[in-house]
Amino acid sequence: MFLSHVLFTAVIFLLHLLLTEATELPSCKESDYHFEYTDCDVLGSRWRVAIPNKPETCTGLPDPVKGTHCTFSCNDGEFLDMRTQECQKCVAGTYSLGTGVAFDEWDTLPTGFISHGISINSGYTHTNCSNSTWIPKGDYIASNTDECTSTLSYAVSLKKPGSVSFQYFYPDNHMFFEFYVQNDQCQSTESQSRWMKISESDWDYHYVQLSSGNNVLYWRTTGFSLAANTAKPVLLKNIAISGVSYTSECFHCKPGTYSDKPGAARCIPCSANSYSNKGATACQPCEADKYSGIGSGTCLQRLPCKTTDYFYTHTPCDSSGQTQLMYKWIEPKICSETVEGAVQLPASGEMMACPPCNPGFFSSNTSTCEPCPHGFYSNGTECSECPAGTEPVVGFEYKWWNKMPSNMKSSVFSSEYSSTERSTGWEVAGEYIYTTPSNQDSDYMMLTLTVPGYSLPHSLSEDNGRVQLSRITFVFETKCTADCKLYFLAGQNEWSNIVESWSGTMGKQSYSYLIKSNNTISFTWGFQRTGIFSTKNEYSSDYAKIYSVHLTNVIGGVASECRQCALAAVDSDSGCVPCPPGHYMLNGTGVCKSCPSNTIIRPEQPIGKQACIPCGPNTYSNEGRSACMSDCTLALHHEGEMLNYDFSPLANVTGFQSSPRFTSKGLQYFHHFSVALCGTENRALASCLENVTESKRDVKGYICQATVVPSEVRGQSVVSSQPFSIGESLIGVTTDFKFDDISSLDGNFPVESELPDVIFYYRSRETTQACKNGRSASIRLRCDPTVTLKNHVSLPSNCSEGTCDGCSFHFLWRSQYACPLCSERNIKEIVSACIQGIQRTTYVWQQPLRCTGGVSLPPQKISACVTLDFWLKCGVSIGTVAAILLITISCYFWKRTRKLQYKYSKLMMTAGDKECELPAADSCAIMEGEDAEDDLIYLSKKSFFTKIKSFSRERTSDGFDSVPLKSSAALEMEMN
C-alpha cells in the first residue's frame, strides 16, 4: 500500500515536470488546489497530497507530506485544517460534529440514503410497493402509510466506535416500526432492541452505540391499518452519526438556526417571531405585522384576528364563590389586532357563580375544592362519614369544570410547533371541557388522564373469573365541518392503544370502557380537525366537548357514596367484608342471602335479588359464582331418546383462519380466530396477541380474533395485530337457533341429518361505537363422522369474515366428536350360518354411524349348533314313521267298518225270528274248533301286531276263504 502511494506521488511529479517543459504555467495559489489524504495502509499511515481544483491551470503544487495517523480525530465544533494538519474551531455561523455527520435538512433525500418499498407477501406479485418509500418533508422525513414495508437505509464506515442518534415521532400502533444496525459481518442488533416504543411526547430521542468498521443503518415501517383508516406515518429528523473519519470543513447553519460562538457543535433554532438566513450568527426579529414559528427561516404576514383566535376560561373561585370569565389569545399569537377588520379580545372580568365541586370534594375556606378524607363521601358540598357497616366507593367523577383536575393535562401535538409553546389544547368551561382553536387544523388536541392503579372494594370479593376491574364512562360531543376525528386511547402512556374513534359531527352521547388490567393507567382523548396539513386554519371553529368523566375503583380516589358491607359473624380487622360467594346483600341491611342454585352474582353491584343472574341452559356456576361454565358434557332429549355428548376432545384451544383477503394495495391478510370451547374453571383460555408494537397486547377469553398478515419482516412468519374479544362469558348451550337475542343464522348452515346441532352461545361486554351492546358469538357443533380433524371450522357463506355486522359472529364446527356417545341402540347383531357345528354372532354399528365413543362393540360370540343334514335325516325318518302309522290306522278303521257292516247284515237277517231270540248262525266252511270271526277279533286278547295282521288277512291259514253265509231272512228278502 505504501509503495503504491509513493508511485502515485512520483507519477504526479513527472507529469508536473513534463507540463512545465511543454508550457509555462502560472504558479499555483492556495485557492487553486486543496489537500486530501491517501488511503490508510496496514500500519495506519497516510500521506497528504495537493489536488488541483482544475487540471492544467497552474504549476508548483506542494510536495506530498506524511499525514496524521488514521486514528486522529477532532472534537465536536472543530475541523481538521489540512494545511497545518491541526484541529481548529468552527467560526460563528457554522458548526461541526468533529468525527460525525448530521442530517437535519430534508428538502431532498441526502446523498448516501436509500429508500425502497417491498411487499411483505413476497409470493404475491400483484402487490405493487414501488412507490412506498420515505418522503422528505423539509424539516423531517416521513414513512409510508400503506401496508407495504418501507425501508430507509444508510451505510457508513466508522474509523472508531461511535454512535447514531435521531429524533422520531411514532404515534400510531397500527404501524410496525423498527430500527436496527448490521455490521460488516452482517450481524444485526438484537431483536428485543429493534422495536421502537410508541411516542410519549411530540418527538422522542433514540441513541444506539456503533462499532468501528462498516455499519448499515435501517429504519423500517409497515402499515397494518387494514380498515378504511390510514395509519399515521413515522417521522424522523436530526439524524447524527459519530465515529466517522475527519471533517475538513464546517457546515453553515441552515435557515432558521444560528451559532453565535466559535466551536459550535450544533446550531440553535430561532425563537418564535424571529428568523435567520443560512450561516447566521444571530436571529432577526420579524416586523410588527409579521410572525414566525420556532426555527423559521422566513416571517409570514399576520392576518386579521378572528373569533377563533381566542378562547375563554375561568379563574379559580374566590371566597364569595365567584369566578371571573377570562378571554385569552391562543399562544403563540399569529394574528393582528391593528389590521382593518380585526376583532378585539373581549373584555375579561365578568363575575359568575362558581360551579359546584365535583362529587367526593368539598368547598374549603379558600373557596377551592378539596378531596374528602378517606372514609368520607360527599355530593360536592360537604363531606360526611360513611355510616358503620359501610365503606366508601372510591373513584373520580368529574362533571363540573371550573379547574383542570390535578391528574389531567392538556397538550397540543404539531409537527411545526413544540408542545411547550402551545399547551392550551383543552380548556375548562364550567359545565364541560372543550378543545380550543388551533394554529393549524392538523394539530392534535390532547387531553390525558393518569391514575395510579385500581383496587376492588372490600365488599366485592376477589375472583379470577371477574372480568371488570374498573370502568371509565364519559359523555362527549363533537361538531365538525370537515373530516375531524376524536380518538380515545387507553394504556400505559398517552400514545397507547386506540380503543375507539369517532368521525364527523357526533351528538351528545355516552361511552363506557371496561378496564381489565392494572397496566391501563393512562387515558387520552385526541381531537384532530383534519388530517390534511394546511396553514390556512379553516376549521378552527370545529370542537369536541367532554361533559363528564367517571372512573371507578381508583386507588387514591374520592367517594360520592358509601356501599353497604356484609354483617360479619365475628369482628373483622378490615372495616368491611363481602358476602360469601353465591350470596347477595339485602339493600340497606347488610344481611346476606343465598342466591338460587346455578346462578352467578352480578359483578357491578351485588345488592338485591336482581344481582343473581341464572346460568343459561346446560351450564353451571363456578365456585366463586362469578361465571357460568360447561364441563363439555351434555344430556339431551331428542325424539324420545336420551343423547349424551362429550365434547372434551374439542375443549383444547383451537385456532383457525378465515379465507384470505386482500387490500386495495394487494396485501394478503387473514382473520385468525382462537377458540376455547368449554372446560372447567382452570381451563386454558383462548389468546390473541399483538406482536406489532412493544405493548404486546394480549386478549384472552372463550373466543378472540386478531388480524394476521403472512410476513417475512425480520424473519417472523406472521404479524398479528388488532386483537379483540368476541366472547368472554359462556351464556348457554342448547339446540335452539336463537337464544338471548343471539341468532345462529340457521339459514347459512342448513340441517343435513336428523341429529340436532348443539350450539354454544358466548357474549363479550366490551362495547364499541358499532356494537353498543358488545359482541356475541355462536358456535354450532355438527356431527360428522367423516371428519377426523378437530379444527374443521367453517364460516357463513355470505359472511366470509365470520360476521355480517361486526358484532355477531357465527361458526360451524364439524367433527366426529360432536356426535352423541354410542349406546346399545346403535349396535346391530349379525348371526352367521351353522358351519360344521359352529355358529358365530357378530356385532356391528348401525349405518350411517351417528355416534362416537360411548359403549364399545361386544366381542364376537361363538356357539355350538346342529347342521342342516342332520335335521333333514331326522325329518325323513319321522316322516316315514308317520306315513306308516297313518296307513296302519287307515287300514284299522277300514277293517272295522267292514265288520260292523257284517254284523249289521246278520242282524237284519234274523229280524223275522222271535223277539229276544238270537238267530242261529249260518255259516259255511268254518272249521271245527275255530272260533267265530267276531270272537277272534273282538273277544280274544291278542297283541296289537297280531290284530293288525288279522285285519289285513284275506285267507285263513289253511288256505280256505271265510265266506259269510246269508240268513234265511236275508235270502227271502233277496228273492222277493
# chains A, B, ... in the order shown; residues from 1 in each chain; ligands from 1
$ closest_atom_pairs --of "region 475-519 of chain A" --to "region 750-766 of chain A" --cutoff "9 Å" --atoms "only C-alpha atoms" --output "Markdown table"
| residue | atom | partner | partner_atom | distance |
| --- | --- | --- | --- | --- |
| A:Ser512 | CA | A:Glu766 | CA | 8.5 |
| A:Tyr513 | CA | A:Glu766 | CA | 6.8 |
| A:Leu514 | CA | A:Glu766 | CA | 6.5 |
$ closest_residue --among "A:Thr381, A:Ser143, A:Thr530, A:Thr654" --to "Thr481 (chain A)" --atoms "only C-alpha atoms"
A:Thr530
$ atom_distance --atom1 "CA of Ile515 (chain A)" --atom2 "CA of Ala490 (chain A)"
9.1 Å
$ residues_around --residues "region 682-690 of chain A" --least-positions-apart "4" --cutoff "12 Å" --atoms "only C-alpha atoms" --output "PyMOL selection string"
chain A and resi 173-176+224+464-465+497+622-623+629-632+648+651-656+671-678+694-709+718-729
$ select_by_dssp --residues "region 547-743 of chain A" --states "strand (DSSP E or B)" --output "ChimeraX atom specification"
/A:547-552,554,558-564,583-585,592-594,599-601,607,612-614,620-621,628-630,633-638,641-646,654-657,661-662,668-675,679,686-689,698-701,703-710,718-727,729-734,738-739,742-743
$ atom_distance --atom1 "CA of Thr84 (chain A)" --atom2 "CA of Tyr33 (chain A)"
15.1 Å
$ residues_around --residues "Phe811 (chain A)" --least-positions-apart "3" --cutoff "9 Å" --atoms "only C-alpha atoms" --output "MDAnalysis selection string"
chainID A and resid 744 777:781 793:796 802
$ residues_around --residues "Phe179 (chain A)" --least-positions-apart "3" --cutoff "9 Å" --atoms "only C-alpha atoms" --output "list in words"
Thr189, Ser193, Arg194, Trp195, Met196, Leu217, Tyr218, Trp219, Arg220 and Thr221 of chain A
$ closest_residue --among "A:Asn519, A:Ser384, A:Ser863, A:Thr633" --to "Phe361 (chain A)" --atoms "only C-alpha atoms"
A:Ser384
$ atom_distance --atom1 "CA of Leu210 (chain A)" --atom2 "CA of Ser132 (chain A)"
28.3 Å
$ residues_around --residues "Asn644 (chain A)" --least-positions-apart "6" --cutoff "7 Å" --atoms "only C-alpha atoms" --output "list in words"
Leu634, Ala635, Leu636, Pro820 and Leu821 of chain A
$ closest_atom_pairs --of "region 542-585 of chain A" --to "region 446-450 of chain A" --cutoff "12 Å" --atoms "only C-alpha atoms" --output "Markdown table"
| residue | atom | partner | partner_atom | distance |
| --- | --- | --- | --- | --- |
| A:Ala544 | CA | A:Met446 | CA | 11.0 |
| A:Lys545 | CA | A:Leu447 | CA | 11.2 |
| A:Ile546 | CA | A:Leu447 | CA | 10.3 |
| A:Val549 | CA | A:Leu449 | CA | 9.9 |
| A:His550 | CA | A:Leu449 | CA | 11.3 |
| A:Leu551 | CA | A:Leu449 | CA | 10.3 |
| A:Val554 | CA | A:Thr450 | CA | 10.6 |
| A:Ile555 | CA | A:Thr450 | CA | 11.5 |
| A:Gly556 | CA | A:Thr450 | CA | 11.9 |
| A:Gly557 | CA | A:Thr450 | CA | 11.9 |
